[in-house]
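Engineer: Supplied structure: start_15.txt, compact mmCIF, C-alpha atoms.
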```txt
# COMPACT_ATOMS: atom_id res chain seq x y z
CA MET A 1 -39.07 -70.95 24.58
CA ARG A 2 -42.53 -69.50 25.25
CA ALA A 3 -42.63 -67.05 22.34
CA PHE A 4 -41.53 -69.66 19.80
CA ALA A 5 -43.93 -72.28 21.23
CA GLN A 6 -46.87 -69.95 20.67
CA ALA A 7 -45.65 -69.23 17.15
CA GLU A 8 -45.51 -72.95 16.42
CA ARG A 9 -49.06 -73.44 17.72
CA PHE A 10 -50.39 -70.74 15.42
CA VAL A 11 -48.58 -72.18 12.40
CA ASN A 12 -50.02 -75.62 13.26
CA GLU A 13 -53.52 -74.11 13.22
CA LEU A 14 -52.82 -72.74 9.76
CA GLU A 15 -51.55 -76.07 8.48
CA SER A 16 -54.57 -77.95 9.85
CA ARG A 17 -57.00 -75.21 8.71
CA LYS A 18 -58.50 -75.17 12.23
CA LEU A 19 -58.79 -71.41 12.18
CA ARG A 20 -60.81 -68.85 14.08
CA PRO A 21 -62.69 -66.39 11.82
CA ALA A 22 -60.53 -63.56 13.18
CA TYR A 23 -57.31 -63.08 15.13
CA VAL A 24 -55.66 -60.19 16.94
CA PHE A 25 -51.87 -59.99 16.70
CA VAL A 26 -50.92 -58.16 19.90
CA GLY A 27 -47.40 -56.77 20.12
CA ASP A 28 -44.81 -54.91 18.05
CA GLU A 29 -42.28 -57.73 17.56
CA ALA A 30 -41.73 -57.47 13.80
CA PHE A 31 -39.98 -60.87 13.59
CA PHE A 32 -43.08 -62.84 14.58
CA ARG A 33 -45.43 -60.58 12.62
CA LYS A 34 -43.48 -61.30 9.43
CA ARG A 35 -43.24 -65.00 10.28
CA PHE A 36 -47.00 -65.29 10.82
CA ARG A 37 -47.81 -63.24 7.75
CA ASP A 38 -45.56 -65.41 5.57
CA ALA A 39 -47.16 -68.56 7.01
CA ILE A 40 -50.67 -67.25 6.31
CA LEU A 41 -49.81 -66.43 2.72
CA HIS A 42 -48.04 -69.77 2.20
CA HIS A 43 -50.92 -71.89 3.50
CA LEU A 44 -53.96 -69.83 2.50
CA VAL A 45 -53.16 -67.57 -0.46
CA PRO A 46 -51.65 -68.97 -3.69
CA GLN A 47 -48.96 -66.75 -5.19
CA ASP A 48 -50.82 -66.22 -8.47
CA LEU A 49 -54.04 -65.16 -6.73
CA ARG A 50 -52.73 -62.66 -4.19
CA GLU A 51 -53.92 -59.70 -6.20
CA PHE A 52 -57.48 -60.91 -5.61
CA SER A 53 -57.01 -62.57 -2.20
CA LEU A 54 -54.85 -60.28 -0.05
CA PHE A 55 -56.10 -56.98 1.34
CA GLU A 56 -54.47 -54.41 3.65
CA TYR A 57 -56.48 -51.84 5.62
CA ASP A 58 -55.91 -49.30 8.36
CA LEU A 59 -58.78 -48.41 10.71
CA GLY A 60 -57.46 -44.86 10.76
CA GLU A 61 -58.30 -44.58 7.05
CA THR A 62 -61.06 -47.12 6.32
CA ASP A 63 -64.30 -47.64 8.24
CA LEU A 64 -64.60 -50.95 10.10
CA ALA A 65 -68.06 -51.62 8.65
CA GLU A 66 -66.68 -51.42 5.10
CA ILE A 67 -63.87 -53.89 5.92
CA LEU A 68 -66.26 -56.40 7.49
CA ASP A 69 -68.68 -56.09 4.56
CA ARG A 70 -65.86 -56.95 2.16
CA ALA A 71 -64.82 -59.88 4.36
CA ARG A 72 -68.40 -61.23 4.27
CA THR A 73 -68.57 -61.02 0.48
CA PRO A 74 -67.31 -64.18 -1.26
CA SER A 75 -64.79 -63.58 -4.02
CA LEU A 76 -65.49 -64.66 -7.58
CA MET A 77 -61.77 -64.59 -8.35
CA ALA A 78 -60.17 -66.37 -5.37
CA PRO A 79 -61.11 -69.37 -3.21
CA PHE A 80 -59.90 -67.69 0.00
CA GLN A 81 -59.37 -64.10 1.16
CA VAL A 82 -57.12 -62.64 3.88
CA PHE A 83 -57.63 -59.19 5.42
CA PHE A 84 -54.85 -57.56 7.46
CA VAL A 85 -56.28 -54.68 9.50
CA ARG A 86 -53.92 -52.26 11.27
CA GLY A 87 -54.80 -49.40 13.60
CA VAL A 88 -56.57 -51.46 16.28
CA LYS A 89 -56.12 -48.60 18.75
CA ASN A 90 -58.85 -46.77 16.80
CA LEU A 91 -61.34 -49.33 18.17
CA PHE A 92 -60.67 -48.05 21.68
CA GLY A 93 -60.73 -44.29 21.26
CA ARG A 94 -62.64 -41.82 23.35
CA GLY A 95 -66.37 -42.23 23.70
CA SER A 96 -68.43 -45.36 23.23
CA ASN A 97 -66.84 -48.13 21.16
CA GLU A 98 -69.50 -50.77 21.79
CA GLU A 99 -70.90 -50.47 18.27
CA LYS A 100 -67.53 -51.26 16.65
CA LEU A 101 -66.78 -54.17 18.97
CA SER A 102 -70.32 -55.52 18.51
CA ALA A 103 -69.83 -55.44 14.74
CA ILE A 104 -66.70 -57.62 15.07
CA GLU A 105 -68.51 -60.00 17.42
CA GLU A 106 -71.43 -60.27 15.00
CA TYR A 107 -69.07 -61.06 12.13
CA CYS A 108 -67.24 -63.73 14.15
CA LYS A 109 -70.55 -65.42 15.03
CA ASN A 110 -71.51 -65.62 11.36
CA PRO A 111 -68.27 -65.35 9.36
CA ASN A 112 -67.39 -66.00 5.76
CA PRO A 113 -65.76 -69.48 5.97
CA ASP A 114 -63.50 -68.54 3.05
CA ALA A 115 -61.99 -65.47 4.69
CA LEU A 116 -59.61 -64.68 7.52
CA VAL A 117 -59.47 -61.31 9.28
CA VAL A 118 -56.28 -60.42 11.16
CA PHE A 119 -56.31 -57.33 13.38
CA VAL A 120 -52.81 -55.98 14.08
CA ALA A 121 -52.41 -54.29 17.48
CA ASP A 122 -48.79 -53.17 17.05
CA HIS A 123 -49.26 -50.14 19.32
CA ILE A 124 -48.60 -52.44 22.28
CA SER A 125 -45.14 -53.60 23.33
CA ILE A 126 -44.78 -56.91 25.19
CA PRO A 127 -41.35 -57.45 26.77
CA ALA A 128 -39.85 -60.91 27.22
CA ASP A 129 -40.53 -60.57 30.94
CA VAL A 130 -44.20 -59.58 31.10
CA ARG A 131 -43.70 -58.35 34.66
CA ARG A 132 -41.80 -55.43 33.14
CA MET A 133 -44.63 -54.50 30.79
CA GLU A 134 -45.47 -50.80 30.93
CA MET A 135 -48.73 -50.00 32.71
CA GLN A 136 -50.31 -48.33 29.67
CA ASP A 137 -49.50 -51.32 27.45
CA LYS A 138 -50.80 -53.68 30.13
CA GLU A 139 -54.12 -51.81 30.32
CA ARG A 140 -54.46 -51.75 26.52
CA TYR A 141 -53.73 -55.48 26.28
CA GLN A 142 -56.23 -56.28 29.04
CA ARG A 143 -58.91 -54.25 27.25
CA ILE A 144 -58.35 -56.24 24.04
CA ARG A 145 -58.48 -59.56 25.90
CA GLU A 146 -61.69 -58.63 27.70
CA THR A 147 -63.44 -57.52 24.51
CA MET A 148 -62.05 -58.91 21.27
CA GLY A 149 -60.58 -61.91 23.07
CA GLN A 150 -64.08 -63.29 23.62
CA TYR A 151 -64.57 -63.99 19.92
CA CYS A 152 -61.15 -63.54 18.25
CA GLY A 153 -58.02 -65.62 18.67
CA ILE A 154 -55.31 -63.70 20.55
CA VAL A 155 -51.73 -64.19 19.34
CA GLU A 156 -48.91 -62.52 21.29
CA LEU A 157 -45.99 -61.00 19.43
CA ALA A 158 -43.69 -60.65 22.42
CA ARG A 159 -39.99 -59.93 22.67
CA VAL A 160 -37.66 -62.88 23.02
CA GLU A 161 -35.32 -63.53 25.94
CA GLU A 162 -31.67 -63.48 24.98
CA GLY A 163 -31.23 -67.15 25.90
CA GLU A 164 -34.17 -68.10 23.66
CA ALA A 165 -32.69 -66.07 20.81
CA VAL A 166 -29.35 -67.91 21.12
CA ARG A 167 -31.10 -71.31 21.07
CA TRP A 168 -33.20 -70.29 18.06
CA ILE A 169 -30.05 -69.29 16.15
CA SER A 170 -28.45 -72.70 16.82
CA ASP A 171 -31.62 -74.60 15.87
CA TYR A 172 -32.19 -72.55 12.73
CA CYS A 173 -28.59 -73.01 11.59
CA ALA A 174 -28.88 -76.77 12.19
CA SER A 175 -32.02 -76.86 10.03
CA ARG A 176 -29.96 -75.30 7.22
CA GLU A 177 -27.05 -77.71 7.82
CA VAL A 178 -24.84 -74.90 9.08
CA LYS A 179 -22.96 -74.97 12.39
CA ILE A 180 -22.50 -71.81 14.43
CA GLU A 181 -20.09 -71.47 17.32
CA PRO A 182 -21.83 -70.80 20.67
CA ASP A 183 -19.74 -67.65 21.13
CA GLY A 184 -20.78 -66.52 17.64
CA ALA A 185 -24.49 -66.99 18.42
CA ARG A 186 -24.12 -65.08 21.69
CA GLU A 187 -22.23 -62.24 20.00
CA LEU A 188 -24.92 -61.99 17.33
CA VAL A 189 -27.60 -61.56 20.02
CA ASP A 190 -25.53 -59.18 22.16
CA SER A 191 -24.44 -56.94 19.29
CA LEU A 192 -28.01 -56.54 18.05
CA GLY A 193 -29.61 -56.08 21.45
CA GLY A 194 -31.82 -59.18 21.10
CA ASP A 195 -33.77 -57.72 18.15
CA MET A 196 -35.03 -60.88 16.44
CA MET A 197 -35.83 -59.21 13.12
CA MET A 198 -32.31 -57.87 12.77
CA ILE A 199 -30.83 -61.13 14.07
CA SER A 200 -32.67 -63.21 11.47
CA ASN A 201 -31.68 -60.84 8.64
CA GLU A 202 -28.02 -60.84 9.66
CA LEU A 203 -28.02 -64.62 10.09
CA GLU A 204 -29.14 -65.06 6.48
CA LYS A 205 -26.29 -62.83 5.34
CA LEU A 206 -23.82 -64.79 7.45
CA MET A 207 -24.95 -68.06 5.86
CA LEU A 208 -24.34 -66.62 2.42
CA TYR A 209 -20.97 -65.30 3.57
CA VAL A 210 -19.67 -68.66 4.86
CA ALA A 211 -21.15 -70.48 1.82
CA GLU A 212 -19.64 -73.94 1.40
CA LYS A 213 -17.71 -73.69 4.66
CA LYS A 214 -21.03 -74.33 6.45
CA ARG A 215 -19.60 -73.00 9.71
CA ILE A 216 -20.09 -69.57 11.29
CA THR A 217 -17.37 -68.50 13.71
CA LEU A 218 -17.18 -65.65 16.18
CA GLY A 219 -14.82 -63.92 13.75
CA ASP A 220 -17.39 -64.16 10.96
CA VAL A 221 -20.00 -62.52 13.19
CA GLU A 222 -17.62 -59.73 14.19
CA THR A 223 -16.72 -59.16 10.53
CA MET A 224 -20.17 -59.22 8.95
CA VAL A 225 -22.80 -58.46 11.54
CA LEU A 226 -24.57 -55.15 11.93
CA ALA A 227 -22.34 -53.97 14.77
CA ALA A 228 -20.72 -51.51 12.39
CA LYS A 229 -24.13 -50.12 11.47
CA GLN A 230 -25.08 -49.98 15.14
CA ARG A 231 -21.94 -48.00 15.85
CA SER A 232 -23.08 -45.63 13.11
CA LEU A 233 -26.45 -45.38 14.84
CA TYR A 234 -24.80 -44.33 18.11
CA GLU A 235 -22.68 -41.84 16.16
CA LEU A 236 -25.96 -40.44 14.85
CA THR A 237 -27.58 -40.21 18.30
CA ASP A 238 -24.38 -38.67 19.63
CA ALA A 239 -24.63 -35.89 17.04
CA ILE A 240 -28.37 -35.48 17.70
CA SER A 241 -27.96 -35.27 21.48
CA SER A 242 -25.16 -32.71 20.95
CA LYS A 243 -27.48 -30.71 18.66
CA ASP A 244 -24.77 -30.94 15.98
CA ARG A 245 -27.01 -30.75 12.93
CA VAL A 246 -24.28 -30.82 10.28
CA ARG A 247 -22.57 -33.90 11.72
CA ALA A 248 -25.93 -35.66 12.21
CA LEU A 249 -26.84 -35.16 8.55
CA GLU A 250 -23.40 -36.38 7.46
CA VAL A 251 -23.75 -39.56 9.56
CA LEU A 252 -27.26 -40.12 8.20
CA ASP A 253 -25.96 -39.77 4.64
CA ALA A 254 -23.24 -42.34 5.37
CA ILE A 255 -25.82 -44.78 6.81
CA LEU A 256 -28.13 -44.39 3.81
CA SER A 257 -25.24 -44.78 1.36
CA THR A 258 -24.39 -48.27 2.63
CA GLY A 259 -26.27 -51.57 2.88
CA ASP A 260 -29.97 -51.41 2.05
CA GLY A 261 -30.02 -47.60 2.00
CA GLU A 262 -33.46 -46.03 2.03
CA GLU A 263 -35.15 -49.45 1.96
CA ALA A 264 -34.04 -49.93 5.58
CA ALA A 265 -35.49 -46.57 6.63
CA ILE A 266 -38.17 -48.07 8.90
CA GLY A 267 -35.49 -50.18 10.59
CA HIS A 268 -33.42 -47.04 11.24
CA ILE A 269 -36.47 -45.30 12.70
CA TYR A 270 -37.19 -48.31 14.91
CA MET A 271 -33.64 -48.32 16.28
CA LEU A 272 -33.73 -44.55 16.88
CA ALA A 273 -37.01 -44.84 18.78
CA LYS A 274 -35.65 -47.73 20.84
CA THR A 275 -32.49 -45.76 21.68
CA PHE A 276 -34.49 -42.72 22.80
CA ARG A 277 -36.66 -44.98 24.99
CA GLN A 278 -33.51 -46.46 26.52
CA MET A 279 -32.22 -42.94 27.19
CA LEU A 280 -35.52 -42.08 28.87
CA VAL A 281 -35.13 -45.00 31.28
CA ILE A 282 -31.50 -44.00 31.93
CA LEU A 283 -32.54 -40.42 32.69
CA GLU A 284 -35.50 -41.37 34.89
CA ARG A 285 -33.45 -43.86 36.93
CA ASN A 286 -30.44 -41.55 37.11
CA VAL A 287 -28.09 -44.19 35.65
CA ARG A 288 -24.45 -43.17 36.00
CA ASP A 289 -22.41 -46.27 35.16
CA GLN A 290 -22.60 -49.66 33.39
CA ARG A 291 -23.52 -51.55 36.56
CA MET A 292 -26.58 -49.37 37.05
CA LEU A 293 -27.34 -49.62 33.31
CA TRP A 294 -27.61 -53.42 33.29
CA ALA A 295 -29.91 -53.24 36.32
CA ALA A 296 -32.13 -50.57 34.73
CA LEU A 297 -32.55 -52.14 31.27
CA TRP A 298 -34.19 -55.55 31.00
CA GLN A 299 -33.40 -58.42 28.62
CA GLY A 300 -34.36 -57.61 25.05
CA PHE A 301 -34.09 -53.90 25.83
CA ARG A 302 -30.38 -53.72 26.62
CA VAL A 303 -27.71 -51.98 24.60
CA PRO A 304 -24.63 -53.66 23.07
CA PRO A 305 -21.70 -53.64 25.51
CA PHE A 306 -19.64 -51.34 23.28
CA ALA A 307 -22.38 -48.67 23.43
CA ALA A 308 -22.99 -48.66 27.20
CA ASP A 309 -20.84 -45.67 28.12
CA ASP A 310 -21.88 -43.73 25.02
CA ILE A 311 -25.61 -44.03 25.63
CA ILE A 312 -25.25 -43.00 29.29
CA LYS A 313 -23.28 -39.91 28.22
CA GLN A 314 -25.81 -39.08 25.50
CA ALA A 315 -28.83 -39.53 27.78
CA ARG A 316 -27.39 -37.15 30.36
CA ARG A 317 -27.23 -34.39 27.74
CA TYR A 318 -31.02 -34.23 27.90
CA LYS A 319 -32.08 -32.08 30.82
CA SER A 320 -35.62 -33.33 31.23
CA ARG A 321 -38.01 -36.17 30.49
CA ARG A 322 -39.94 -33.77 28.27
CA GLU A 323 -37.03 -33.42 25.83
CA LEU A 324 -36.78 -37.18 25.32
CA THR A 325 -40.53 -37.74 25.03
CA ARG A 326 -40.50 -35.02 22.35
CA ALA A 327 -37.79 -36.96 20.49
CA ILE A 328 -39.88 -40.15 20.75
CA ARG A 329 -42.98 -38.36 19.43
CA LEU A 330 -41.03 -36.90 16.48
CA THR A 331 -39.67 -40.36 15.66
CA ALA A 332 -43.17 -41.87 15.81
CA LYS A 333 -44.40 -39.13 13.45
CA ALA A 334 -41.58 -39.95 11.00
CA ASP A 335 -42.43 -43.66 11.23
CA LEU A 336 -46.02 -42.89 10.24
CA ALA A 337 -44.79 -40.77 7.32
CA LEU A 338 -42.53 -43.60 6.09
CA ARG A 339 -45.41 -46.08 6.21
CA SER A 340 -47.51 -43.73 4.07
CA ASN A 341 -45.35 -44.32 0.96
CA PRO A 342 -43.64 -40.89 0.78
CA VAL A 343 -42.01 -39.61 -2.40
CA SER A 344 -38.61 -39.77 -0.69
CA LYS A 345 -37.77 -41.71 2.47
CA ARG A 346 -34.49 -39.83 2.67
CA LEU A 347 -36.35 -36.52 2.93
CA VAL A 348 -38.47 -37.90 5.79
CA LEU A 349 -35.33 -38.95 7.68
CA GLU A 350 -33.55 -35.67 6.99
CA ARG A 351 -36.57 -33.72 8.22
CA LEU A 352 -36.54 -35.84 11.38
CA ILE A 353 -32.86 -35.02 11.98
CA LEU A 354 -33.57 -31.30 11.52
CA ASP A 355 -36.40 -31.48 14.06
CA LEU A 356 -34.37 -33.53 16.55
CA THR A 357 -31.40 -31.17 16.42
CA SER A 358 -33.49 -28.03 16.83
CA GLU A 359 -34.49 -26.54 20.15
CA PRO A 360 -38.18 -27.04 21.00
CA LYS A 361 -40.24 -23.91 20.56
CA VAL A 362 -41.39 -22.30 23.78
CA GLU A 363 -44.87 -20.93 23.32
CA THR A 364 -45.53 -17.53 24.90
CA PRO A 365 -48.66 -17.53 27.12
CA GLY A 366 -51.55 -15.49 25.78
CA TRP A 367 -51.57 -13.06 28.72
CA MET A 368 -47.88 -12.30 28.10
CA GLN A 369 -48.38 -11.80 24.35
CA GLU A 370 -50.95 -9.09 25.11
CA GLN A 371 -48.38 -7.12 27.10
CA LEU A 372 -45.48 -7.43 24.62
CA PRO A 373 -44.78 -4.26 22.60
CA VAL A 374 -45.88 -4.36 18.98
```
Transcribe the structure of this file into structure tokens.
Structural biologist:
Amino acid sequence: MRAFAQAERFVNELESRKLRPAYVFVGDEAFFRKRFRDAILHHLVPQDLREFSLFEYDLGETDLAEILDRARTPSLMAPFQVFFVRGVKNLFGRGSNEEKLSAIEEYCKNPNPDALVVFVADHISIPADVRRMEMQDKERYQRIRETMGQYCGIVELARVEEGEAVRWISDYCASREVKIEPDGARELVDSLGGDMMMISNELEKLMLYVAEKKRITLGDVETMVLAAKQRSLYELTDAISSKDRVRALEVLDAILSTGDGEEAAIGHIYMLAKTFRQMLVILERNVRDQRMLWAALWQGFRVPPFAADDIIKQARRYKSRRELTRAIRLTAKADLALRSNPVSKRLVLERLILDLTSEPKVETPGWMQEQLPV
């Protein structure tokens, strides 16, 4: 269990206080990011001092020099400070970035011993099988290792293989004195596509559901797990791919009216983006049946069995790669809007549905505009 072994090593470093002055969390696996964040807060930042000890920054909004200056400055109110810094991709933009990277190196050589800086590189996706890592992500990761890796600790937030996820479920249940049937653990992983964040959330709900019974069966998983919500998601993508705006908005309203509602908006966006990426692979590899689908999609990126035929049908409604990359870009834009604390998350999602169900505008070339009658 490679991913979990690395997580355990990092937590051990926290417990022993044998920390590097700065770390880079590389990867978009939300499960490990939350786990590491919770561990950092538990071991380094007392609950009653977090207002003075915990700081969140984005390099797209705040200058790196300002963040490092604050990290160097000892706090009069808290014994230890933690700085989470998102937007690492801004350190590797166009032009020379040596000055920014040198500033981080200089800080790491002479750090504030009572501060920890964590850079979050969540623009990179690391699959469970690194051989299937996309070339762009591989190049970005290598650039971070060759530069920041010389003076920062590198912590991978990679996807988890399905077998590892099943074993983690069994071990976690045992630690809570709950037994889960092997078929139940496998169904939980299969129905959620190996998404560890969703798996862990649903597992907590299942434990509350079985209560004193202390045993989770396959039937419990089928009754309570998010498969129903996933089916709603594929209903939504079916309406979107059909350009049926009214039905798409009705399905969205039904999704937001159940469960965590708008609070789960980022999770809905994540699943939409993942589904569009799956469709892109299906389209590019000309997948026509389930056998070809399982060969095209790797572990951790597969769809639930019940959705296989639906997603193939939906992907084939898109006539070109350009249409799906547009959908992915629109979803990424909505994700950024949700993370910027909008007045209404529902409005952000509804606007996304309107954009996804509209035909892309075809711009008229300038030379043609000049010849069109006024």
Engineer: Measuring atom to atom with all atoms listed in the file, identify which of A:Arg143, A:Arg351, A:His123, A:Arg346 is nearest to Ser257 of chain A.
Structural biologist: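 The answer is A:Arg346, which sits nearest to Ser257 of chain A.
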Engineer: Could you check which of A:Val155, A:Ala273, A:Leu91, A:Ala296 is closest to Phe10 of chain A, using all atoms listed in the file?
Structural biologist: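 With all atoms listed in the file as the atom set, the closest residue is A:Val155.
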Engineer: One decimal, in Å: what's the spacing between atom CA of Gly93 of chain A and atom CA of Ala71 of chain A?
Structural biologist: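 A separation of 23.4 Å between them.
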Engineer: At a cut-off of 9 Å, can you tabulate as a tab-separated table every residue of segment 67-146 of chain A near segment 44-51 of chain A together with its closest atom pair and the distance in Å to one decimal, using all atoms listed in the file and ordering rows by chain then number?
Structural biologist:
```
residue	atom	partner	partner_atom	distance
A:Met77	CA	A:Leu49	CA	7.9
A:Ala78	CA	A:Leu49	CA	6.4
A:Pro79	CA	A:Val45	CA	8.6
A:Phe80	CA	A:Val45	CA	6.8
A:Gln81	CA	A:Val45	CA	7.3
A:Val82	CA	A:Val45	CA	7.7
```
Engineer: Would you list the contacts of Leu206 of chain A as a PyMOL selection string, taking every protein, DNA or RNA residue within 9 Å and counting all atoms listed in the file, but skipping same-chain residues closer than 4 positions in sequence?
Structural biologist: chain A and resi 201-202+210-211+216+220-221+224-225
Engineer: Just to confirm, what's the straight-line distance from atom CA of Asp289 of chain A to atom CA of Thr325 of chain A in Å (one decimal)?
Structural biologist: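 Separation between atom CA of Asp289 of chain A and atom CA of Thr325 of chain A: 22.4 Å.
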Engineer: With distances taken over all atoms listed in the file, which residue among A:Lys313, A:Leu293, A:Arg288, A:His268 lies nearest Ala334 of chain A?
Structural biologist: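 Of the candidates, the smallest distance to Ala334 of chain A is held by A:His268.
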Engineer: For Gln136 of chain A, which residue out of A:Ile124, A:Val11, A:Gly184, A:Val246 is the nearest one, using all atoms listed in the file?
Structural biologist: A:Ile124
Engineer: Taking every listed atom of segment 114-120 of chain A and adding 8 Å to each side, what centre and edge lengths in Å (one decimal) does the axis-aligned box have, as AutoDock Vina command-line options?
Structural biologist:
```
--center_x -58.2 --center_y -62.3 --center_z 8.6 --size_x 26.7 --size_y 28.6 --size_z 27.0
```
Engineer: List every residue of segment 96-133 of chain A that has an atom at most 8 Å from any atom of segment 13-25 of chain A, and for each one report the closest atom pair and its distance in Å to one decimal, counting all atoms listed in the file, with rows sorted by chain and then by increasing residue number, as JSON lines.
Structural biologist:
```
{"residue": "A:Cys108", "atom": "CA", "partner": "A:Pro21", "partner_atom": "CA", "distance": 5.8}
{"residue": "A:Pro111", "atom": "CA", "partner": "A:Pro21", "partner_atom": "CA", "distance": 6.2}
{"residue": "A:Asn112", "atom": "CA", "partner": "A:Pro21", "partner_atom": "CA", "distance": 7.7}
{"residue": "A:Pro113", "atom": "CA", "partner": "A:Pro21", "partner_atom": "CA", "distance": 7.3}
{"residue": "A:Ala115", "atom": "CA", "partner": "A:Pro21", "partner_atom": "CA", "distance": 7.2}
{"residue": "A:Leu116", "atom": "CA", "partner": "A:Pro21", "partner_atom": "CA", "distance": 5.6}
{"residue": "A:Val117", "atom": "CA", "partner": "A:Ala22", "partner_atom": "CA", "distance": 4.6}
{"residue": "A:Val118", "atom": "CA", "partner": "A:Tyr23", "partner_atom": "CA", "distance": 4.9}
{"residue": "A:Phe119", "atom": "CA", "partner": "A:Val24", "partner_atom": "CA", "distance": 4.6}
{"residue": "A:Val120", "atom": "CA", "partner": "A:Phe25", "partner_atom": "CA", "distance": 4.9}
{"residue": "A:Ala121", "atom": "CA", "partner": "A:Phe25", "partner_atom": "CA", "distance": 5.8}
{"residue": "A:Asp122", "atom": "CA", "partner": "A:Phe25", "partner_atom": "CA", "distance": 7.5}
```
Engineer: Would you kindly return, as number ranges by chain, each protein, DNA or RNA residue with an atom no farther than 9 Å from any atom of segment 61-69 of chain A, considering only C-alpha atoms and excluding same-chain residues fewer than 4 positions away?
Structural biologist: A: 57, 73, 83, 85, 87, 91, 100, 103-104, 107, 117
Engineer: Quick one: distance from atom CA of Ile269 of chain A to atom CA of Glu56 of chain A in Å, one decimal?
Structural biologist: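 Atom CA of Glu56 of chain A lies at a distance of 22.1 Å from atom CA of Ile269 of chain A.
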Engineer: Find the residues near Ala158 of chain A: any atom within 12 Å, counting only C-alpha atoms, skip ones fewer than 4 places away on the same chain, and give them as a ChimeraX atom specification.
Structural biologist: /A:1-7,25-33,121-122,124-130,133,141,195-196,300
Engineer: Set the distance at 9 Å and use all atoms listed in the file: which residues neighbour segment 316-318 of chain A once local chain neighbours fewer than 5 positions away are removed? I'd like the list as a VMD selection string.
Structural biologist: chain A and resid 241 to 242 279 282 to 283 286 to 288 311 323 to 324
Engineer: In terms of the shortest atom-to-atom distance over only C-alpha atoms, which of A:Glu204, A:Asp58, A:Glu162, A:Glu146 is closest to Lys89 of chain A?
Structural biologist: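 The shortest atom-to-atom distance to Lys89 of chain A comes from A:Asp58.
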Engineer: I'd like to know which of A:Thr217, A:Lys109, A:Leu338, A:Asp114 is closest to Ser53 of chain A, using only C-alpha atoms.
Structural biologist: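 Using only C-alpha atoms, the shortest distance to Ser53 of chain A belongs to A:Asp114.
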Engineer: Find the spatial neighbours of Gly267 of chain A, counting only C-alpha atoms, within a cut-off of 10 Å - ignore same-chain residues fewer than 5 positions away - and output them as a ChimeraX atom specification.
Structural biologist: /A:197-198,262,272-273,335
Engineer: Any chance you could export segment 211-222 of chain A with N, CA and C atoms, as an mmCIF file, in the first residue's frame?
Structural biologist:
```cif
data_model
loop_
_atom_site.group_PDB
_atom_site.id
_atom_site.type_symbol
_atom_site.label_atom_id
_atom_site.label_comp_id
_atom_site.auth_asym_id
_atom_site.auth_seq_id
_atom_site.Cartn_x
_atom_site.Cartn_y
_atom_site.Cartn_z
ATOM 1 N N ALA A 211 -24.775 1.395 13.425
ATOM 2 C CA ALA A 211 -24.805 1.666 14.877
ATOM 3 C C ALA A 211 -24.333 0.473 15.702
ATOM 4 N N GLU A 212 -25.197 0.007 16.599
ATOM 5 C CA GLU A 212 -24.807 -1.049 17.540
ATOM 6 C C GLU A 212 -24.608 -2.407 16.871
ATOM 7 N N LYS A 213 -25.109 -2.558 15.669
ATOM 8 C CA LYS A 213 -24.947 -3.832 14.957
ATOM 9 C C LYS A 213 -23.469 -4.132 14.700
ATOM 10 N N LYS A 214 -22.687 -3.052 14.484
ATOM 11 C CA LYS A 214 -21.235 -3.152 14.304
ATOM 12 C C LYS A 214 -20.845 -4.069 13.146
ATOM 13 N N ARG A 215 -21.706 -4.161 12.143
ATOM 14 C CA ARG A 215 -21.414 -5.005 10.987
ATOM 15 C C ARG A 215 -22.045 -4.372 9.749
ATOM 16 N N ILE A 216 -21.215 -4.155 8.723
ATOM 17 C CA ILE A 216 -21.684 -3.552 7.478
ATOM 18 C C ILE A 216 -21.770 -4.642 6.421
ATOM 19 N N THR A 217 -22.947 -4.849 5.883
ATOM 20 C CA THR A 217 -23.168 -5.883 4.879
ATOM 21 C C THR A 217 -23.209 -5.269 3.482
ATOM 22 N N LEU A 218 -23.199 -6.128 2.493
ATOM 23 C CA LEU A 218 -23.335 -5.667 1.108
ATOM 24 C C LEU A 218 -24.665 -4.936 0.936
ATOM 25 N N GLY A 219 -25.715 -5.433 1.569
ATOM 26 C CA GLY A 219 -27.017 -4.776 1.485
ATOM 27 C C GLY A 219 -26.997 -3.376 2.063
ATOM 28 N N ASP A 220 -26.258 -3.186 3.171
ATOM 29 C CA ASP A 220 -26.150 -1.850 3.767
ATOM 30 C C ASP A 220 -25.489 -0.880 2.787
ATOM 31 N N VAL A 221 -24.439 -1.361 2.121
ATOM 32 C CA VAL A 221 -23.727 -0.513 1.161
ATOM 33 C C VAL A 221 -24.652 -0.141 0.007
ATOM 34 N N GLU A 222 -25.379 -1.120 -0.502
ATOM 35 C CA GLU A 222 -26.275 -0.864 -1.631
ATOM 36 C C GLU A 222 -27.411 0.082 -1.240
#
```
